[in-house]
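Content type mmCIF, C-alpha atoms and all ligand atoms, from the file final11.cif:
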data_upload
#
loop_
_atom_site.label_atom_id
_atom_site.label_comp_id
_atom_site.auth_asym_id
_atom_site.auth_seq_id
_atom_site.Cartn_x
_atom_site.Cartn_y
_atom_site.Cartn_z
CA MET A 1476 54.61 20.89 144.48
CA ILE A 1477 53.67 20.34 148.13
CA LYS A 1478 53.84 16.66 149.04
CA LYS A 1479 51.07 15.04 151.06
CA ALA A 1480 51.89 13.80 154.56
CA LYS A 1481 50.25 10.43 155.13
CA ILE A 1482 50.00 8.05 158.07
CA ILE A 1483 51.05 4.80 156.38
CA GLY A 1484 51.24 2.53 159.43
CA THR A 1485 50.20 2.58 163.09
CA GLY A 1486 51.09 0.55 166.18
CA SER A 1487 50.47 0.52 169.91
CA TYR A 1488 51.72 -1.20 173.00
CA LEU A 1489 50.00 -1.65 176.34
CA PRO A 1490 51.81 -3.21 179.31
CA GLU A 1491 50.38 -6.54 180.50
CA ARG A 1492 49.58 -5.63 184.10
CA VAL A 1493 45.99 -4.52 184.60
CA LEU A 1494 45.08 -2.19 187.49
CA THR A 1495 41.34 -2.48 188.10
CA ASN A 1496 39.00 -0.20 190.03
CA GLN A 1497 38.84 -2.98 192.65
CA ASP A 1498 42.64 -2.84 192.99
CA LEU A 1499 42.39 0.94 193.54
CA GLU A 1500 39.76 0.39 196.26
CA LYS A 1501 42.56 -1.30 198.25
CA LEU A 1502 44.93 1.68 197.81
CA VAL A 1503 42.70 4.72 198.46
CA ASP A 1504 39.25 5.59 199.80
CA THR A 1505 37.31 5.09 196.56
CA SER A 1506 34.90 2.66 194.90
CA ASP A 1507 34.40 0.99 191.56
CA GLU A 1508 31.01 2.71 191.42
CA TRP A 1509 32.48 6.23 191.96
CA ILE A 1510 35.26 5.74 189.45
CA PHE A 1511 33.00 4.26 186.78
CA THR A 1512 30.20 6.82 187.10
CA ARG A 1513 32.60 9.83 187.28
CA THR A 1514 35.09 8.72 184.62
CA GLY A 1515 33.78 5.69 182.67
CA MET A 1516 36.99 3.85 183.58
CA LYS A 1517 37.09 0.19 184.62
CA GLU A 1518 40.80 -0.55 184.37
CA ARG A 1519 44.14 0.77 183.16
CA ARG A 1520 47.56 -0.76 182.35
CA ILE A 1521 50.70 -0.36 184.46
CA ALA A 1522 54.24 -0.93 183.18
CA ARG A 1523 56.69 -3.20 185.00
CA SER A 1524 59.30 -1.49 187.18
CA ASP A 1525 62.01 -2.37 184.62
CA GLU A 1526 59.89 -1.23 181.65
CA TYR A 1527 60.37 2.46 180.78
CA THR A 1528 58.73 4.97 178.46
CA SER A 1529 61.35 4.28 175.76
CA HIS A 1530 60.54 0.54 175.87
CA LEU A 1531 56.81 1.20 175.51
CA GLY A 1532 57.45 3.61 172.64
CA ALA A 1533 59.87 1.28 170.85
CA ALA A 1534 57.38 -1.62 171.06
CA ALA A 1535 54.61 0.51 169.50
CA ALA A 1536 57.03 1.86 166.87
CA LYS A 1537 58.08 -1.65 165.77
CA LYS A 1538 54.46 -2.50 164.95
CA ALA A 1539 53.98 0.78 163.06
CA LEU A 1540 57.14 0.11 161.02
CA THR A 1541 56.00 -3.42 160.15
CA ARG A 1542 52.60 -2.15 159.00
CA ALA A 1543 54.26 0.63 156.98
CA HIS A 1544 56.58 -1.97 155.37
CA LEU A 1545 59.64 0.06 156.35
CA THR A 1546 62.88 -0.89 158.08
CA PRO A 1547 64.24 1.23 160.97
CA GLU A 1548 67.10 2.38 158.69
CA GLN A 1549 64.55 4.05 156.37
CA ILE A 1550 63.37 6.45 159.09
CA ASP A 1551 64.70 10.02 158.79
CA LEU A 1552 63.37 11.49 162.03
CA ILE A 1553 61.88 10.19 165.29
CA ILE A 1554 59.58 12.51 167.25
CA VAL A 1555 58.47 11.39 170.70
CA ALA A 1556 55.63 13.08 172.56
CA THR A 1557 55.84 12.41 176.30
CA ILE A 1558 55.63 13.99 179.76
CA THR A 1559 57.35 10.96 181.30
CA PRO A 1560 60.69 10.75 179.46
CA ASP A 1561 63.17 8.12 180.69
CA PHE A 1562 65.46 11.06 181.60
CA VAL A 1563 65.20 14.87 181.48
CA PHE A 1564 67.92 14.40 178.89
CA PRO A 1565 68.98 12.70 176.66
CA SER A 1566 65.67 12.63 174.83
CA THR A 1567 63.52 9.52 174.77
CA ALA A 1568 63.66 9.79 170.95
CA CYS A 1569 67.42 9.11 171.08
CA LEU A 1570 66.90 6.09 173.35
CA ILE A 1571 64.25 4.70 171.01
CA GLN A 1572 66.47 5.39 167.98
CA GLN A 1573 69.11 3.17 169.60
CA GLN A 1574 66.62 0.43 170.58
CA LEU A 1575 65.20 0.28 167.04
CA GLY A 1576 68.58 0.55 165.30
CA ALA A 1577 67.20 3.52 163.34
CA LYS A 1578 70.73 4.72 162.71
CA ASN A 1579 69.86 7.21 159.95
CA ALA A 1580 67.25 9.02 162.02
CA ALA A 1581 67.51 12.30 163.91
CA GLY A 1582 65.51 12.39 167.13
CA MET A 1583 63.70 14.85 169.37
CA ASP A 1584 61.06 14.94 172.10
CA ILE A 1585 58.03 17.20 172.13
CA GLN A 1586 56.21 18.11 175.33
CA ALA A 1587 52.64 19.29 175.03
CA ALA A 1588 51.16 17.04 177.75
CA CYS A 1589 48.04 15.18 176.58
CA THR A 1590 48.06 17.10 173.28
CA GLY A 1591 51.61 15.90 172.53
CA PHE A 1592 50.67 13.43 169.80
CA LEU A 1593 48.85 16.13 167.82
CA TYR A 1594 51.75 18.57 168.22
CA ALA A 1595 54.15 15.85 167.03
CA LEU A 1596 51.90 15.00 164.07
CA SER A 1597 51.85 18.66 163.02
CA VAL A 1598 55.66 18.82 163.07
CA ALA A 1599 55.89 15.61 161.03
CA LYS A 1600 53.35 16.99 158.55
CA ALA A 1601 55.40 20.17 158.04
CA PHE A 1602 58.68 18.28 157.53
CA VAL A 1603 57.13 15.83 155.06
CA GLU A 1604 55.16 18.43 153.10
CA SER A 1605 58.22 20.65 152.75
CA GLY A 1606 60.27 17.71 151.48
CA VAL A 1607 62.85 17.97 154.27
CA TYR A 1608 62.17 14.37 155.36
CA GLN A 1609 60.39 11.44 153.71
CA ASN A 1610 59.71 9.00 156.58
CA ILE A 1611 59.04 10.14 160.14
CA LEU A 1612 58.22 7.98 163.13
CA VAL A 1613 55.82 9.77 165.46
CA ILE A 1614 55.59 8.12 168.86
CA ALA A 1615 53.55 9.00 171.94
CA ALA A 1616 54.65 7.08 175.01
CA GLU A 1617 53.87 7.48 178.69
CA LYS A 1618 54.70 5.76 181.94
CA LEU A 1619 52.30 7.90 183.95
CA SER A 1620 52.48 5.46 186.87
CA SER A 1621 55.95 6.95 187.52
CA ILE A 1622 54.46 10.39 188.31
CA THR A 1623 51.15 9.30 189.86
CA ASN A 1624 50.58 9.59 193.59
CA TYR A 1625 48.83 6.37 194.64
CA ARG A 1626 47.80 8.08 197.90
CA ASP A 1627 45.84 10.82 196.05
CA ARG A 1628 42.42 9.45 195.14
CA SER A 1629 41.55 12.45 192.97
CA THR A 1630 44.29 11.61 190.43
CA CYS A 1631 45.50 8.02 190.88
CA ILE A 1632 42.30 6.50 189.56
CA LEU A 1633 42.69 8.28 186.22
CA PHE A 1634 46.06 7.43 184.73
CA GLY A 1635 47.56 4.47 182.88
CA ASP A 1636 50.68 3.56 180.90
CA GLY A 1637 50.95 2.83 177.19
CA ALA A 1638 52.26 3.96 173.82
CA GLY A 1639 51.01 4.57 170.31
CA ALA A 1640 53.01 5.24 167.14
CA CYS A 1641 52.62 5.96 163.47
CA VAL A 1642 54.82 6.40 160.42
CA VAL A 1643 54.21 9.67 158.55
CA SER A 1644 55.48 9.58 154.99
CA SER A 1645 55.14 11.22 151.59
CA GLU A 1646 55.16 7.77 149.94
CA GLY A 1647 52.68 4.88 150.11
CA LYS A 1648 48.97 4.71 150.85
CA GLY A 1649 47.43 5.84 154.10
CA LEU A 1650 45.53 8.54 155.93
CA VAL A 1651 46.37 12.03 154.67
CA ILE A 1652 46.98 14.56 157.46
CA GLU A 1653 44.74 17.20 155.95
CA SER A 1654 44.71 19.92 158.57
CA VAL A 1655 45.92 20.46 162.14
CA ARG A 1656 44.90 23.21 164.58
CA LEU A 1657 46.87 23.72 167.78
CA GLY A 1658 46.45 26.06 170.73
CA ALA A 1659 47.94 26.90 174.11
CA ASP A 1660 47.19 29.04 177.19
CA GLY A 1661 50.04 29.37 179.67
CA GLU A 1662 47.81 31.42 182.01
CA GLN A 1663 46.35 28.11 183.21
CA ALA A 1664 49.67 26.31 183.75
CA GLU A 1665 49.12 25.78 187.50
CA LEU A 1666 45.87 23.83 187.08
CA LEU A 1667 47.60 20.71 185.75
CA ILE A 1668 51.23 20.45 186.71
CA LEU A 1669 54.13 18.36 187.98
CA PRO A 1670 55.57 20.98 190.34
CA ALA A 1671 59.05 19.64 191.18
CA GLY A 1672 61.98 18.13 189.34
CA GLY A 1673 62.51 21.04 186.94
CA SER A 1674 64.76 24.09 187.28
CA ARG A 1675 62.19 25.98 189.39
CA GLN A 1676 62.01 23.35 192.13
CA PRO A 1677 64.86 20.89 191.65
CA ALA A 1678 64.58 17.57 193.47
CA SER A 1679 65.31 17.91 197.19
CA GLN A 1680 64.33 16.06 200.33
CA GLU A 1681 61.64 18.72 200.88
CA THR A 1682 60.08 18.36 197.42
CA VAL A 1683 59.95 14.61 197.88
CA ALA A 1684 58.48 14.92 201.40
CA GLN A 1685 55.78 17.25 200.01
CA ASP A 1686 54.86 14.86 197.14
CA LEU A 1687 55.75 17.52 194.56
CA HIS A 1688 57.05 14.97 192.04
CA TYR A 1689 53.53 13.79 191.32
CA ILE A 1690 50.78 15.10 189.03
CA LYS A 1691 48.63 17.81 190.61
CA MET A 1692 45.33 18.63 188.97
CA ALA A 1693 42.34 20.89 189.67
CA GLY A 1694 40.05 18.29 188.05
CA ASN A 1695 36.85 20.31 187.91
CA GLU A 1696 38.46 23.36 186.28
CA VAL A 1697 40.39 21.24 183.80
CA PHE A 1698 37.19 19.41 182.89
CA LYS A 1699 35.40 22.62 181.80
CA HIS A 1700 38.32 23.93 179.76
CA ALA A 1701 38.82 20.52 178.13
CA VAL A 1702 35.26 20.39 176.78
CA ARG A 1703 35.27 23.97 175.46
CA ARG A 1704 38.73 23.85 173.90
CA MET A 1705 38.31 20.48 172.18
CA GLU A 1706 34.95 21.48 170.74
CA ALA A 1707 36.38 24.75 169.36
CA ALA A 1708 39.53 23.05 168.00
CA CYS A 1709 37.42 20.45 166.17
CA LYS A 1710 35.17 23.07 164.62
CA GLU A 1711 38.13 25.26 163.53
CA CYS A 1712 39.95 22.26 162.11
CA LEU A 1713 36.91 21.14 160.09
CA GLU A 1714 36.39 24.66 158.79
CA ALA A 1715 40.05 25.03 157.79
CA ALA A 1716 39.78 21.79 155.81
CA GLY A 1717 36.47 22.81 154.19
CA SER A 1718 34.75 19.89 155.91
CA SER A 1719 31.85 19.52 158.35
CA GLU A 1720 30.72 17.18 161.12
CA GLU A 1721 28.34 15.25 158.83
CA LYS A 1722 31.37 14.02 156.88
CA ILE A 1723 33.18 12.59 159.91
CA THR A 1724 33.50 8.80 159.90
CA TYR A 1725 35.06 8.69 163.37
CA LEU A 1726 35.94 11.20 166.07
CA ILE A 1727 38.83 10.14 168.31
CA PRO A 1728 38.88 12.43 171.35
CA HIS A 1729 41.48 12.42 174.13
CA GLN A 1730 40.47 9.65 176.54
CA ALA A 1731 40.56 11.60 179.82
CA ASN A 1732 37.04 10.98 181.05
CA LEU A 1733 33.92 9.48 179.47
CA ARG A 1734 31.90 12.46 180.74
CA ILE A 1735 34.19 14.86 178.85
CA ILE A 1736 33.79 12.75 175.71
CA ASP A 1737 29.99 12.69 176.15
CA ALA A 1738 29.91 16.47 176.70
CA ILE A 1739 31.82 17.01 173.44
CA ALA A 1740 29.54 14.53 171.64
CA LYS A 1741 26.48 16.57 172.71
CA ARG A 1742 27.95 19.62 170.95
CA PHE A 1743 28.08 17.74 167.63
CA GLU A 1744 24.47 17.07 166.76
CA HIS A 1745 25.28 15.28 163.49
CA LEU A 1746 27.80 12.87 164.98
CA PRO A 1747 26.11 9.71 166.32
CA GLU A 1748 27.49 8.02 169.44
CA GLU A 1749 28.77 4.95 167.52
CA ARG A 1750 31.13 7.18 165.52
CA ILE A 1751 32.99 8.34 168.62
CA PHE A 1752 35.86 5.97 169.31
CA LYS A 1753 36.58 5.17 172.96
CA THR A 1754 39.24 3.27 174.87
CA VAL A 1755 38.88 5.11 178.18
CA GLN A 1756 37.08 2.18 179.84
CA GLN A 1757 40.01 -0.23 179.50
CA TYR A 1758 43.12 2.03 179.40
CA GLY A 1759 42.16 5.17 181.38
CA ASN A 1760 43.99 8.40 180.58
CA THR A 1761 47.41 7.70 178.99
CA SER A 1762 48.13 11.42 178.29
CA ALA A 1763 49.95 11.93 174.95
CA SER A 1764 49.47 8.26 174.05
CA SER A 1765 45.70 8.22 174.35
CA VAL A 1766 44.76 9.43 170.84
CA ALA A 1767 47.68 7.49 169.27
CA ILE A 1768 46.60 4.21 170.89
CA ALA A 1769 42.97 4.78 169.90
CA LEU A 1770 43.96 5.58 166.31
CA ASP A 1771 45.87 2.30 166.12
CA GLU A 1772 43.00 0.31 167.64
CA LEU A 1773 40.57 1.86 165.18
CA SER A 1774 42.95 1.13 162.28
CA GLN A 1775 43.13 -2.56 163.28
CA LYS A 1776 39.32 -2.86 163.49
CA TYR A 1777 38.25 -0.75 160.55
CA ALA A 1778 39.55 -0.66 156.97
CA VAL A 1779 39.70 3.01 156.01
CA GLN A 1780 37.90 3.92 152.77
CA PRO A 1781 38.97 6.76 150.43
CA GLU A 1782 35.98 8.92 151.43
CA ASP A 1783 36.56 8.52 155.18
CA GLN A 1784 37.43 11.40 157.45
CA ILE A 1785 38.80 10.87 160.94
CA LEU A 1786 38.95 13.74 163.39
CA LEU A 1787 41.40 13.63 166.31
CA THR A 1788 41.25 16.02 169.25
CA ALA A 1789 43.10 16.42 172.52
CA PHE A 1790 43.51 18.71 175.52
CA GLY A 1791 46.07 18.77 178.30
CA GLY A 1792 48.41 20.56 180.67
CA GLY A 1793 49.82 23.89 179.60
CA PHE A 1794 46.98 24.27 178.75
CA THR A 1795 47.42 22.85 175.28
CA TRP A 1796 44.80 21.62 172.84
CA GLY A 1797 44.40 20.69 169.22
CA ALA A 1798 42.56 18.83 166.49
CA ALA A 1799 43.68 17.07 163.33
CA LEU A 1800 41.64 15.93 160.35
CA LEU A 1801 42.79 12.76 158.57
CA LYS A 1802 41.35 11.78 155.19
CA GLY A 1803 41.33 8.46 153.32
CA ASP A 1804 43.85 8.45 150.46
CA ALA A 1805 41.82 8.72 147.26
O1 LIG B 1901 44.42 14.57 180.54
C1 LIG B 1901 44.35 15.96 180.75
C2 LIG B 1901 43.00 16.39 180.95
N1 LIG B 1901 42.46 15.82 182.16
C3 LIG B 1901 41.19 15.89 182.33
O2 LIG B 1901 40.53 16.34 181.44
C4 LIG B 1901 40.58 15.47 183.66
C5 LIG B 1901 39.44 16.39 183.95
N2 LIG B 1901 38.76 16.17 185.22
C6 LIG B 1901 38.02 15.07 185.52
O3 LIG B 1901 37.98 14.12 184.77
C7 LIG B 1901 37.19 15.10 186.77
O4 LIG B 1901 37.20 16.39 187.31
C8 LIG B 1901 37.66 14.08 187.86
C9 LIG B 1901 37.33 12.66 187.43
C10 LIG B 1901 39.13 14.24 188.13
C11 LIG B 1901 36.90 14.32 189.18
O5 LIG B 1901 35.50 14.23 188.96
P1 LIG B 1901 34.52 15.37 189.49
O6 LIG B 1901 33.15 14.96 189.15
O7 LIG B 1901 35.02 16.67 188.93
O8 LIG B 1901 34.69 15.27 191.03
P2 LIG B 1901 35.19 16.40 192.06
O9 LIG B 1901 36.64 16.64 191.91
O10 LIG B 1901 34.26 17.59 191.98
O11 LIG B 1901 34.94 15.67 193.43
C12 LIG B 1901 33.62 15.35 193.89
C13 LIG B 1901 33.74 14.62 195.21
C14 LIG B 1901 34.64 15.31 196.22
O12 LIG B 1901 34.07 15.10 197.49
P3 LIG B 1901 33.24 16.28 198.20
O13 LIG B 1901 34.19 17.42 198.31
O14 LIG B 1901 32.09 16.57 197.29
O15 LIG B 1901 32.86 15.67 199.50
C15 LIG B 1901 35.93 14.52 196.14
O16 LIG B 1901 36.65 14.54 197.34
O17 LIG B 1901 34.30 13.32 194.98
C16 LIG B 1901 35.42 13.12 195.87
N3 LIG B 1901 36.39 12.27 195.18
C17 LIG B 1901 36.34 10.93 195.21
N4 LIG B 1901 35.49 10.07 195.83
C18 LIG B 1901 35.72 8.77 195.66
C19 LIG B 1901 37.44 12.66 194.40
N5 LIG B 1901 38.09 11.57 193.94
C20 LIG B 1901 37.42 10.49 194.44
C21 LIG B 1901 37.60 9.10 194.30
N6 LIG B 1901 36.73 8.28 194.92
N7 LIG B 1901 38.60 8.57 193.55
#

Can you dump the structure from the file as structure tokens?
Ligand code: UT7
Amino acid sequence: MIKKAKIIGTGSYLPERVLTNQDLEKLVDTSDEWIFTRTGMKERRIARSDEYTSHLGAAAAKKALTRAHLTPEQIDLIIVATITPDFVFPSTACLIQQQLGAKNAAGMDIQAACTGFLYALSVAKAFVESGVYQNILVIAAEKLSSITNYRDRSTCILFGDGAGACVVSSEGKGLVIESVRLGADGEQAELLILPAGGSRQPASQETVAQDLHYIKMAGNEVFKHAVRRMEAACKECLEAAGSSEEKITYLIPHQANLRIIDAIAKRFEHLPEERIFKTVQQYGNTSASSVAIALDELSQKYAVQPEDQILLTAFGGGFTWGAALLKGDA
């Protein structure tokens, strides 16, 4: 019999330092008014210089483990979604495994940019349902400030640091991962990219001089694709699960821009505004972590009922996109 994969505990961690729109006004030619009206963002968090992606991820994971009533030794696999790993290798999952003392766990990183958490959830779901593993720690962690160019006003206002985590297990009560839909389109790779530091353009004095180790984004183009792809992924995911928008208790979209979230909301006529969960105002875009952090914040504020359905959706570089439907455990 196929086991159910359930999210039995969530956690998140946001660094203490707050970077406000007013702070950004001192760095680049921008204004609080422009940032707020174009993105809905007021502030974002920035990690300390000695605080790395693995630290953010481990802090979120500890909370998820506590809420799942599991010890680190009970974890079989750690999956980390990130575009800002501590190192190219070893994986951030291995570093977190060591920090947690999860000595029985295997570890791997997944890279699907802002959709990373949904890709990682789908892998965890498959491993748990097939019975290969019982307890999997899924972590999304980003130190985007390490790849953000604070001289580029078109990108530096958007990004923040933070991590979200959850334990996916076949045992215990939680949110059942009912269905996941994922997609990708490598034709659009250049529109959202970190050009240097990989095998195509290894680090050199020239790549550094040309600012190629920072995020480059064609914002307008990405915006249009993000709306279309997230809408389609949500609709396909609901259909695959035999559900519909009327049944959704909460939609948690990727927190890239309030205008993107509003544009998606308009395409769901039966989903009132108050059922769309948002953190974009206070954390900005935290890439893979954004949906994971929001899911944890929602879980702390709202006690999930058996009939509840929570829809997650994300879109990011690659392009990649996806949606996942979570259901209360009856
Ligand atoms: O996480 C992965 C997915 N990421 C996303 O989904 C992000 C998608 N894109 C966006 O959120 C939006 O495109 C942005 C927020 C990045 C930009 O908003 P926009 O409404 O698309 O603005 P724009 O790029 O069309 O720029 C409009 C104007 C330009 O000036 P001109 O050419 O009209 O004179 C920009 O130079 O706004 C200017 N501008 C700024 N002005 C003040 C761009 N950035 C800023 C800024 N402050 N920070």

message = Residues near Val1651 (chain A), anyone? I mean within 6 Å using all atoms listed in the file, not counting same-chain ones fewer than 2 positions away, as a ChimeraX atom specification.
response = /A:1480-1481,1653,1801-1802

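Ranking A:Ile1482, A:Ile1521, A:Thr1682, A:Val1493 by their shortest atom-to-atom distance to Ala1599 (chain A), with only C-alpha atoms included, puts A:Ile1482 first.
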
Near-ligand residues for ligand LIG 1901 (chain B), threshold 9 Å, only C-alpha atoms and all ligand atoms, as an MDAnalysis selection string = chainID A and resid 1499:1500 1503:1510 1512:1514 1588:1590 1627:1634 1667 1692:1702 1729:1735 1760:1763 1765 1789:1792 1794

key: Shell of 6 Å around Ala1539 (chain A), only C-alpha atoms, local chain residues under 6 positions omitted, as JSON, numbers by chain   = {"A": [1484, 1485, 1486, 1641]}

message = With 10 Å as the threshold, what does the neighbourhood of (51.7, 21.6, 187.8) contain in terms of residues, counting only C-alpha atoms? Coordinates are those of the file; answer as a PyMOL selection string.
response = chain A and resi 1663-1671+1687-1693+1792-1793

request  = Measure the distance from CA of Lys1710 (chain A) to CA of Ile1483 (chain A) in Å and round it to one decimal.
outcome  =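 CA of Lys1710 (chain A) sits 25.6 Å away from CA of Ile1483 (chain A).
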
Quick one: what's the axis-aligned box for region 1494-1507 of chain A, all listed atoms, 6 Å on every side, centre and edges in Å to one decimal, as lines of an AutoDock Vina configuration file?
center_x = 39.7
center_y = 1.3
center_z = 193.6
size_x = 22.7
size_y = 20.6
size_z = 24.3

request  = Using only C-alpha atoms, find the one residue out of A:Ile1785, A:Val1563, A:Ala1568, A:Leu1552 that sits nearest to Ala1580 (chain A).
outcome  =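 Among the listed residues, A:Leu1552 lies closest to Ala1580 (chain A).
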
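You will find CA of Ile1723 (chain A) at 23.7 Å from CA of Glu1604 (chain A).
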
key: Nearest to Ala1556 (chain A) by atom-to-atom distance, counting all atoms listed in the file, from A:Val1643, A:Ile1477, A:Ala1536, A:Ile1585   =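 For Ala1556 (chain A), the nearest of the given residues is A:Ile1585.
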
Could you please fill out region 1701-1722 of chain A with N, CA and C atoms and send it back as a CSV table (one decimal), in the frame of the given file?
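Final output, saved to part.csv:
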chain,number,residue,atom,x,y,z
A,1701,ALA,N,38.6,21.6,179.1
A,1701,ALA,CA,38.8,20.5,178.1
A,1701,ALA,C,37.7,20.4,177.1
A,1702,VAL,N,36.4,20.5,177.7
A,1702,VAL,CA,35.3,20.4,176.8
A,1702,VAL,C,35.2,21.6,175.8
A,1703,ARG,N,35.4,22.8,176.3
A,1703,ARG,CA,35.3,24.0,175.5
A,1703,ARG,C,36.4,24.0,174.4
A,1704,ARG,N,37.6,23.7,174.8
A,1704,ARG,CA,38.7,23.8,173.9
A,1704,ARG,C,38.7,22.8,172.8
A,1705,MET,N,38.3,21.5,173.2
A,1705,MET,CA,38.3,20.5,172.2
A,1705,MET,C,37.2,20.7,171.2
A,1706,GLU,N,36.0,21.2,171.7
A,1706,GLU,CA,35.0,21.5,170.7
A,1706,GLU,C,35.4,22.6,169.7
A,1707,ALA,N,36.0,23.7,170.2
A,1707,ALA,CA,36.4,24.8,169.4
A,1707,ALA,C,37.5,24.3,168.4
A,1708,ALA,N,38.4,23.5,168.9
A,1708,ALA,CA,39.5,23.0,168.0
A,1708,ALA,C,39.0,22.2,166.9
A,1709,CYS,N,38.0,21.3,167.2
A,1709,CYS,CA,37.4,20.4,166.2
A,1709,CYS,C,36.7,21.3,165.1
A,1710,LYS,N,35.9,22.3,165.6
A,1710,LYS,CA,35.2,23.1,164.6
A,1710,LYS,C,36.1,23.9,163.7
A,1711,GLU,N,37.2,24.5,164.3
A,1711,GLU,CA,38.1,25.3,163.5
A,1711,GLU,C,38.9,24.4,162.5
A,1712,CYS,N,39.2,23.2,163.0
A,1712,CYS,CA,40.0,22.3,162.1
A,1712,CYS,C,39.1,21.8,160.9
A,1713,LEU,N,37.8,21.5,161.2
A,1713,LEU,CA,36.9,21.1,160.1
A,1713,LEU,C,36.7,22.3,159.1
A,1714,GLU,N,36.6,23.5,159.7
A,1714,GLU,CA,36.4,24.7,158.8
A,1714,GLU,C,37.6,24.9,157.9
A,1715,ALA,N,38.8,24.8,158.5
A,1715,ALA,CA,40.0,25.0,157.8
A,1715,ALA,C,40.2,24.0,156.6
A,1716,ALA,N,39.6,22.8,156.8
A,1716,ALA,CA,39.8,21.8,155.8
A,1716,ALA,C,38.6,21.8,154.9
A,1717,GLY,N,37.7,22.8,155.0
A,1717,GLY,CA,36.5,22.8,154.2
A,1717,GLY,C,35.6,21.6,154.4
A,1718,SER,N,35.6,21.1,155.6
A,1718,SER,CA,34.8,19.9,155.9
A,1718,SER,C,33.7,20.3,156.9
A,1719,SER,N,32.9,19.3,157.4
A,1719,SER,CA,31.8,19.5,158.4
A,1719,SER,C,31.6,18.2,159.1
A,1720,GLU,N,30.9,18.4,160.3
A,1720,GLU,CA,30.7,17.2,161.1
A,1720,GLU,C,30.0,16.0,160.5
A,1721,GLU,N,29.1,16.3,159.5
A,1721,GLU,CA,28.3,15.2,158.8
A,1721,GLU,C,29.3,14.3,158.1
A,1722,LYS,N,30.4,14.8,157.7
A,1722,LYS,CA,31.4,14.0,156.9
A,1722,LYS,C,32.3,13.2,157.7
